[in-house]
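Trainee: Handing over protein-v5.cif, mmCIF, C-alpha atoms.
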data_model
loop_
_atom_site.group_PDB
_atom_site.id
_atom_site.type_symbol
_atom_site.label_atom_id
_atom_site.label_comp_id
_atom_site.auth_asym_id
_atom_site.auth_seq_id
_atom_site.Cartn_x
_atom_site.Cartn_y
_atom_site.Cartn_z
ATOM 1 C CA MET A 1 -16.546 -8.542 -8.483
ATOM 2 C CA ALA A 2 -14.741 -11.608 -7.110
ATOM 3 C CA ASP A 3 -13.910 -11.423 -3.403
ATOM 4 C CA SER A 4 -10.264 -12.226 -2.706
ATOM 5 C CA SER A 5 -10.986 -12.634 1.006
ATOM 6 C CA ARG A 6 -12.887 -15.841 0.220
ATOM 7 C CA VAL A 7 -11.164 -19.197 0.118
ATOM 8 C CA ASP A 8 -13.069 -20.327 -2.987
ATOM 9 C CA PHE A 9 -11.511 -17.427 -4.960
ATOM 10 C CA TRP A 10 -8.046 -18.905 -4.367
ATOM 11 C CA GLU A 11 -9.089 -22.549 -4.518
ATOM 12 C CA GLN A 12 -10.293 -22.054 -8.076
ATOM 13 C CA ARG A 13 -7.046 -20.390 -9.154
ATOM 14 C CA TYR A 14 -4.798 -23.041 -7.646
ATOM 15 C CA ARG A 15 -6.881 -25.878 -9.028
ATOM 16 C CA GLU A 16 -6.835 -24.313 -12.504
ATOM 17 C CA GLY A 17 -3.141 -23.428 -12.274
ATOM 18 C CA VAL A 18 -3.790 -19.698 -12.743
ATOM 19 C CA THR A 19 -1.123 -18.470 -10.314
ATOM 20 C CA PRO A 20 0.997 -15.733 -11.953
ATOM 21 C CA TRP A 21 2.168 -14.526 -8.517
ATOM 22 C CA GLU A 22 4.050 -17.832 -7.990
ATOM 23 C CA GLY A 23 7.508 -18.827 -9.152
ATOM 24 C CA ALA A 24 9.816 -16.080 -7.929
ATOM 25 C CA SER A 25 13.001 -17.091 -6.151
ATOM 26 C CA LEU A 26 14.000 -15.746 -2.761
ATOM 27 C CA PRO A 27 15.394 -12.234 -3.463
ATOM 28 C CA GLU A 28 19.090 -11.681 -2.897
ATOM 29 C CA PRO A 29 18.546 -9.091 -0.112
ATOM 30 C CA ALA A 30 16.376 -11.660 1.656
ATOM 31 C CA ARG A 31 19.162 -14.224 1.425
ATOM 32 C CA VAL A 32 21.604 -11.692 2.854
ATOM 33 C CA LEU A 33 19.274 -10.802 5.728
ATOM 34 C CA PHE A 34 18.340 -14.343 6.710
ATOM 35 C CA ALA A 35 21.924 -15.561 6.392
ATOM 36 C CA SER A 36 22.929 -12.859 8.886
ATOM 37 C CA LEU A 37 20.305 -13.780 11.480
ATOM 38 C CA PRO A 38 20.710 -16.425 14.184
ATOM 39 C CA PRO A 39 18.290 -19.362 13.874
ATOM 40 C CA SER A 40 14.889 -17.690 14.054
ATOM 41 C CA THR A 41 11.206 -18.531 13.954
ATOM 42 C CA VAL A 42 9.681 -17.309 10.680
ATOM 43 C CA LEU A 43 6.016 -17.182 9.682
ATOM 44 C CA LEU A 44 4.953 -17.170 6.007
ATOM 45 C CA PRO A 45 1.287 -16.073 5.846
ATOM 46 C CA GLY A 46 -0.640 -16.694 2.643
ATOM 47 C CA CYS A 47 2.224 -18.923 1.533
ATOM 48 C CA GLY A 48 0.633 -20.458 -1.578
ATOM 49 C CA SER A 49 2.968 -23.203 -2.794
ATOM 50 C CA ALA A 50 5.609 -21.918 -0.330
ATOM 51 C CA GLY A 51 8.517 -21.372 -2.710
ATOM 52 C CA ASP A 52 10.313 -19.201 -0.154
ATOM 53 C CA MET A 53 10.159 -21.867 2.558
ATOM 54 C CA PRO A 54 12.966 -24.278 1.470
ATOM 55 C CA PRO A 55 15.746 -21.657 1.248
ATOM 56 C CA LEU A 56 14.756 -20.276 4.659
ATOM 57 C CA LEU A 57 14.834 -23.773 6.130
ATOM 58 C CA ALA A 58 18.207 -24.363 4.476
ATOM 59 C CA LEU A 59 19.543 -21.261 6.234
ATOM 60 C CA GLY A 60 18.688 -22.861 9.576
ATOM 61 C CA HIS A 61 15.436 -21.123 10.431
ATOM 62 C CA GLN A 62 12.303 -22.690 11.881
ATOM 63 C CA VAL A 63 9.552 -21.887 9.373
ATOM 64 C CA LEU A 64 5.772 -22.156 9.521
ATOM 65 C CA ALA A 65 4.025 -21.564 6.180
ATOM 66 C CA VAL A 66 0.255 -20.976 6.369
ATOM 67 C CA ASP A 67 -2.483 -20.781 3.748
ATOM 68 C CA PHE A 68 -6.265 -21.185 3.906
ATOM 69 C CA SER A 69 -6.448 -22.746 0.435
ATOM 70 C CA ALA A 70 -6.363 -26.542 0.616
ATOM 71 C CA ALA A 71 -5.309 -26.665 -3.044
ATOM 72 C CA ALA A 72 -2.349 -24.355 -2.333
ATOM 73 C CA ILE A 73 -1.193 -26.401 0.654
ATOM 74 C CA ALA A 74 -1.599 -29.619 -1.338
ATOM 75 C CA ARG A 75 0.602 -28.168 -4.076
ATOM 76 C CA ALA A 76 3.189 -27.088 -1.504
ATOM 77 C CA ARG A 77 3.232 -30.530 0.120
ATOM 78 C CA GLN A 78 3.689 -32.117 -3.296
ATOM 79 C CA ARG A 79 6.560 -29.769 -4.151
ATOM 80 C CA TRP A 80 8.288 -29.938 -0.769
ATOM 81 C CA PRO A 81 7.500 -33.350 0.787
ATOM 82 C CA ALA A 82 10.508 -33.211 3.100
ATOM 83 C CA ALA A 83 9.158 -29.969 4.621
ATOM 84 C CA ALA A 84 5.510 -31.018 4.961
ATOM 85 C CA ASP A 85 5.655 -30.519 8.741
ATOM 86 C CA SER A 86 6.329 -26.812 8.136
ATOM 87 C CA LEU A 87 3.029 -26.344 6.249
ATOM 88 C CA LEU A 88 -0.287 -25.549 7.906
ATOM 89 C CA LEU A 89 -3.765 -25.290 6.410
ATOM 90 C CA GLY A 90 -5.679 -22.535 8.180
ATOM 91 C CA ASP A 91 -6.865 -18.925 8.205
ATOM 92 C CA PHE A 92 -4.044 -16.576 9.189
ATOM 93 C CA PHE A 93 -6.542 -14.252 10.861
ATOM 94 C CA GLN A 94 -8.157 -16.990 12.959
ATOM 95 C CA LEU A 95 -5.353 -19.386 13.915
ATOM 96 C CA GLU A 96 -3.925 -19.404 17.416
ATOM 97 C CA LEU A 97 -0.231 -18.819 16.832
ATOM 98 C CA PRO A 98 2.765 -17.932 19.010
ATOM 99 C CA ALA A 99 4.867 -14.830 18.469
ATOM 100 C CA PHE A 100 7.606 -15.110 15.823
ATOM 101 C CA ASP A 101 10.992 -13.522 15.328
ATOM 102 C CA CYS A 102 9.966 -12.624 11.780
ATOM 103 C CA VAL A 103 6.922 -12.537 9.538
ATOM 104 C CA PHE A 104 7.894 -12.926 5.878
ATOM 105 C CA GLU A 105 5.606 -11.019 3.506
ATOM 106 C CA ARG A 106 5.272 -12.152 -0.102
ATOM 107 C CA ALA A 107 2.175 -11.407 -2.202
ATOM 108 C CA PHE A 108 -0.124 -11.690 0.822
ATOM 109 C CA LEU A 109 -0.918 -8.091 1.721
ATOM 110 C CA CYS A 110 -1.554 -7.232 -1.936
ATOM 111 C CA ALA A 111 -3.876 -10.243 -2.249
ATOM 112 C CA LEU A 112 -6.206 -8.932 0.451
ATOM 113 C CA PRO A 113 -9.104 -6.567 -0.218
ATOM 114 C CA ARG A 114 -8.171 -2.998 0.693
ATOM 115 C CA GLU A 115 -10.605 -2.955 3.614
ATOM 116 C CA MET A 116 -8.597 -5.737 5.311
ATOM 117 C CA ARG A 117 -5.310 -3.823 5.409
ATOM 118 C CA GLY A 118 -5.814 -2.518 8.937
ATOM 119 C CA GLN A 119 -6.646 -6.022 10.120
ATOM 120 C CA TYR A 120 -3.486 -7.299 8.459
ATOM 121 C CA ALA A 121 -1.300 -4.692 10.176
ATOM 122 C CA GLU A 122 -2.730 -5.397 13.634
ATOM 123 C CA ARG A 123 -2.511 -9.153 13.186
ATOM 124 C CA VAL A 124 1.100 -9.063 11.978
ATOM 125 C CA ALA A 125 2.075 -6.668 14.766
ATOM 126 C CA GLY A 126 0.563 -9.077 17.270
ATOM 127 C CA LEU A 127 2.604 -11.971 15.876
ATOM 128 C CA VAL A 128 6.042 -10.316 15.724
ATOM 129 C CA LYS A 129 8.073 -10.163 18.916
ATOM 130 C CA PRO A 130 9.225 -6.680 20.006
ATOM 131 C CA GLY A 131 12.459 -6.062 18.138
ATOM 132 C CA GLY A 132 11.495 -8.697 15.579
ATOM 133 C CA LEU A 133 10.993 -8.152 11.867
ATOM 134 C CA LEU A 134 8.350 -7.897 9.197
ATOM 135 C CA ALA A 135 10.419 -8.498 6.087
ATOM 136 C CA GLY A 136 9.539 -9.272 2.524
ATOM 137 C CA VAL A 137 8.397 -8.129 -0.879
ATOM 138 C CA PHE A 138 5.740 -5.408 -1.040
ATOM 139 C CA PHE A 139 3.780 -4.380 -4.131
ATOM 140 C CA LEU A 140 3.878 -0.586 -4.386
ATOM 141 C CA GLY A 141 1.734 1.478 -6.710
ATOM 142 C CA GLU A 142 -1.962 2.107 -7.051
ATOM 143 C CA GLY A 143 -4.669 0.792 -9.338
ATOM 144 C CA GLU A 144 -8.364 0.035 -9.202
ATOM 145 C CA ARG A 145 -8.208 -3.563 -10.342
ATOM 146 C CA GLY A 146 -6.805 -6.491 -8.440
ATOM 147 C CA PRO A 147 -5.645 -8.635 -6.894
ATOM 148 C CA PRO A 148 -2.849 -7.835 -6.681
ATOM 149 C CA PHE A 149 -3.849 -4.582 -5.003
ATOM 150 C CA GLY A 150 -0.859 -2.252 -4.859
ATOM 151 C CA MET A 151 -0.571 0.634 -2.455
ATOM 152 C CA ALA A 152 1.437 3.824 -2.397
ATOM 153 C CA GLU A 153 4.551 3.797 -0.237
ATOM 154 C CA ASN A 154 3.252 6.610 1.973
ATOM 155 C CA ALA A 155 0.043 4.633 2.550
ATOM 156 C CA LEU A 156 2.093 1.583 3.531
ATOM 157 C CA GLN A 157 4.123 3.756 5.910
ATOM 158 C CA ALA A 158 0.931 5.040 7.514
ATOM 159 C CA LEU A 159 -0.416 1.503 7.812
ATOM 160 C CA LEU A 160 2.632 0.017 9.521
ATOM 161 C CA ASN A 161 4.188 2.969 11.385
ATOM 162 C CA PRO A 162 2.176 2.526 14.583
ATOM 163 C CA TRP A 163 4.012 -0.755 15.179
ATOM 164 C CA PHE A 164 7.027 -0.903 12.862
ATOM 165 C CA ALA A 165 9.995 1.253 11.858
ATOM 166 C CA LEU A 166 11.255 0.927 8.279
ATOM 167 C CA GLU A 167 14.882 -0.232 8.267
ATOM 168 C CA GLN A 168 15.491 -1.089 4.597
ATOM 169 C CA ALA A 169 13.766 -0.525 1.252
ATOM 170 C CA LEU A 170 15.238 -1.766 -2.031
ATOM 171 C CA PRO A 171 13.345 -1.831 -5.352
ATOM 172 C CA LEU A 172 13.495 -5.255 -7.016
ATOM 173 C CA GLN A 173 14.466 -5.226 -10.667
ATOM 174 C CA ASP A 174 13.767 -8.878 -11.473
ATOM 175 C CA GLY A 175 10.279 -9.428 -10.059
ATOM 176 C CA LEU A 176 7.331 -11.207 -11.626
ATOM 177 C CA PRO A 177 5.456 -9.656 -14.596
ATOM 178 C CA VAL A 178 2.149 -9.590 -12.711
ATOM 179 C CA PHE A 179 3.656 -6.980 -10.375
ATOM 180 C CA SER A 180 4.755 -4.690 -13.236
ATOM 181 C CA GLY A 181 8.192 -3.935 -11.823
ATOM 182 C CA ARG A 182 6.748 -2.345 -8.683
ATOM 183 C CA GLU A 183 8.008 -4.802 -6.085
ATOM 184 C CA CYS A 184 10.119 -3.526 -3.201
ATOM 185 C CA TRP A 185 12.100 -5.516 -0.660
ATOM 186 C CA MET A 186 11.461 -4.001 2.768
ATOM 187 C CA VAL A 187 12.540 -4.733 6.322
ATOM 188 C CA TRP A 188 10.413 -3.317 9.148
ATOM 189 C CA LYS A 189 11.462 -3.607 12.794
ATOM 190 C CA ARG A 190 8.797 -4.143 15.441
ATOM 191 C CA ARG A 191 8.648 -1.329 17.953
ATOM 192 C CA GLY A 192 8.594 -2.150 21.660
ATOM 193 C CA LEU A 193 5.061 -0.888 22.202
ATOM 194 C CA ASP A 194 2.243 -3.328 22.787
ATOM 195 C CA LEU A 195 -0.860 -3.103 20.605
ATOM 196 C CA ASP A 196 -2.901 -0.950 23.031
ATOM 197 C CA GLN A 197 -0.053 1.544 23.378
ATOM 198 C CA ALA A 198 0.441 1.672 19.622
ATOM 199 C CA LEU A 199 -3.235 2.342 18.964
ATOM 200 C CA LYS A 200 -3.150 5.265 21.405
ATOM 201 C CA ALA A 201 0.116 6.704 19.996
#
What do you get writing this file as structure tokens?

Mentor:
Amino acid sequence: MADSSRVDFWEQRYREGVTPWEGASLPEPARVLFASLPPSTVLLPGCGSAGDMPPLLALGHQVLAVDFSAAAIARARQRWPAAADSLLLGDFFQLELPAFDCVFERAFLCALPREMRGQYAERVAGLVKPGGLLAGVFFLGEGERGPPFGMAENALQALLNPWFALEQALPLQDGLPVFSGRECWMVWKRRGLDLDQALKA
């Protein structure tokens, strides 16, 4: 079975143009949220060709879009040359990054092998300021094959609850076919606990 934690898995897909998870526009609830926020720092992990980056920049936010696939970042730089400074080639789990006001989730968690979900939750929690947000599109539902690897909503709650409180959840009706109509816009607010406190809670 192919290992979606490996960079060569994604390099091959971007180089061959097999990217059915790409092409969605920024969802309307995301536009409403980010239009309501003051200028904020926003991190896009696993950004691919970074289609969500330009509208967030246009709303006045400071965005950093990260991917460990050189082919993905090259495609993003080609598509958005004016925003090239907002793109970074690197491993989300290894980069030294500051804390952000918001982490924007889009087809990243569901791209990871299931055994990396705990690592994802801890890493995101460590990168969101207390009171900040984890906001984005989550792939709900279960299945053996992937990526994308969906997860049940109660499993997602259990994964994120040590650090985040769910503030909004809205099913998306116009998502991409690869996600089979099981995408959900969610906004999670970072609790005030630090990581050690959360792990003991």

Trainee: For Phe108 in chain A, which residue among A:Gln94, A:Gly192, A:Cys47, A:Ala71 is the nearest when counting all atoms listed in the file?

Mentor: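 Distance minimum relative to Phe108 in chain A lands on A:Cys47.
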
Trainee: Can you list, as number ranges by chain, every protein, DNA or RNA residue that comes within 8 Å of Met53 in chain A when you count only C-alpha atoms, leaving out same-chain residues fewer than 2 positions away?

Mentor: A: 44, 50-51, 55-57, 63, 65

Trainee: Please write the residues picked by the PyMOL selection byres ((chain A and resi 92) around 9) on this file as a list of chain:residue names.

Mentor: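 Applied to this file, the PyMOL selection byres ((chain A and resi 92) around 9) selects A:Pro45, A:Gly46, A:Val66, A:Asp67, A:Phe68, A:Gly90, A:Asp91, A:Phe93, A:Gln94, A:Leu95, A:Glu96, A:Leu97, A:Arg123.
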
Trainee: Given the file above and the PyMOL selection byres ((chain A and resi 1-10) around 7), which residues are selected, and can you give them as a PyMOL selection string?

Mentor: chain A and resi 11-14+68-69+111-113

Trainee: The PyMOL selection byres ((chain A and resi 126) around 10) - which residues does that actually catch in the file I just gave you? List them as number ranges by chain.

Mentor: A: 97-100, 120-125, 127-130, 163, 190, 194-195

Trainee: Here is a test: counting all atoms listed in the file, which residue of A:Ala30, A:Val42, A:Ala107, A:Leu134 is nearest to Asn161 in chain A?

Mentor: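 So, comparing all the options, the nearest one is A:Leu134.
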
Trainee: So the first atom is CA of Glu28 in chain A and the second is CA of Val103 in chain A; what is the distance between them in Å, to one decimal place?

Mentor: 17.4 Å

Trainee: Taking (16.2, -23.0, 11.2) in the coordinates of the supplied file, I want to know which residues reach to within 8 Å of it, counting all atoms listed in the file; could you give the answer as a PDB file with C-alpha atoms, in the frame of the given file?

Mentor:
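Done, and the output landed in point05.pdb:
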ATOM      1  CA  PRO A  39      18.290 -19.362  13.874  1.00  0.00           C
ATOM      2  CA  SER A  40      14.889 -17.690  14.054  1.00  0.00           C
ATOM      3  CA  THR A  41      11.206 -18.531  13.954  1.00  0.00           C
ATOM      4  CA  LEU A  56      14.756 -20.276   4.659  1.00  0.00           C
ATOM      5  CA  LEU A  57      14.834 -23.773   6.130  1.00  0.00           C
ATOM      6  CA  ALA A  58      18.207 -24.363   4.476  1.00  0.00           C
ATOM      7  CA  LEU A  59      19.543 -21.261   6.234  1.00  0.00           C
ATOM      8  CA  GLY A  60      18.688 -22.861   9.576  1.00  0.00           C
ATOM      9  CA  HIS A  61      15.436 -21.123  10.431  1.00  0.00           C
ATOM     10  CA  GLN A  62      12.303 -22.690  11.881  1.00  0.00           C
ATOM     11  CA  VAL A  63       9.552 -21.887   9.373  1.00  0.00           C
TER      12      VAL A  63
END

Trainee: For the atom pair CA of Ala35 in chain A and CA of Leu140 in chain A, what is the interatomic distance in Å to one decimal place?

Mentor: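 Interatomic distance, CA of Ala35 in chain A to CA of Leu140 in chain A: 25.8 Å.
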
Trainee: Can you work out the spacing between CA of Leu166 in chain A and CA of Met186 in chain A in Å, to one decimal?

Mentor: 7.4 Å

Trainee: Which of these, A:Pro29, A:Pro38, A:Gly48, A:Gly118, has the shortest distance to Gln168 in chain A once you count only C-alpha atoms?

Mentor: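 Answer, going by the shortest atom-to-atom distance: A:Pro29.
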
Trainee: Is it possible to get the residues within 9 Å of (0.6, -7.5, 1.1) (coordinates as in the file, counting all atoms listed in the file) written as a list in words?

Mentor: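 These residues have at least one counted atom within 9 Å: Glu105, Arg106, Ala107, Phe108, Leu109, Cys110, Ala111, Leu112, Arg117, Tyr120, Val137, Phe138, Phe139, Pro148, Phe149, Gly150 and Met151 of chain A.
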
Trainee: Kindly export the residues of the current selection with C-alpha atoms, as an mmCIF file, in the frame of the given file.

Mentor:
data_model
loop_
_atom_site.group_PDB
_atom_site.id
_atom_site.type_symbol
_atom_site.label_atom_id
_atom_site.label_comp_id
_atom_site.auth_asym_id
_atom_site.auth_seq_id
_atom_site.Cartn_x
_atom_site.Cartn_y
_atom_site.Cartn_z
ATOM 1 C CA GLU A 105 5.606 -11.019 3.506
ATOM 2 C CA ARG A 106 5.272 -12.152 -0.102
ATOM 3 C CA ALA A 107 2.175 -11.407 -2.202
ATOM 4 C CA PHE A 108 -0.124 -11.690 0.822
ATOM 5 C CA LEU A 109 -0.918 -8.091 1.721
ATOM 6 C CA CYS A 110 -1.554 -7.232 -1.936
ATOM 7 C CA ALA A 111 -3.876 -10.243 -2.249
ATOM 8 C CA LEU A 112 -6.206 -8.932 0.451
ATOM 9 C CA ARG A 117 -5.310 -3.823 5.409
ATOM 10 C CA TYR A 120 -3.486 -7.299 8.459
ATOM 11 C CA VAL A 137 8.397 -8.129 -0.879
ATOM 12 C CA PHE A 138 5.740 -5.408 -1.040
ATOM 13 C CA PHE A 139 3.780 -4.380 -4.131
ATOM 14 C CA PRO A 148 -2.849 -7.835 -6.681
ATOM 15 C CA PHE A 149 -3.849 -4.582 -5.003
ATOM 16 C CA GLY A 150 -0.859 -2.252 -4.859
ATOM 17 C CA MET A 151 -0.571 0.634 -2.455
#

Trainee: Pick the closest to Phe164 in chain A from A:Gly136, A:Gly141, A:Gly17, A:Gly131: which is it, counting only C-alpha atoms?

Mentor: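 So, comparing all the options, the nearest one is A:Gly131.
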
Trainee: So, counting all atoms listed in the file, which residue among A:Gln157, A:Gln78, A:Gln173, A:Ser49 is closest to Val187 in chain A?

Mentor: A:Gln157
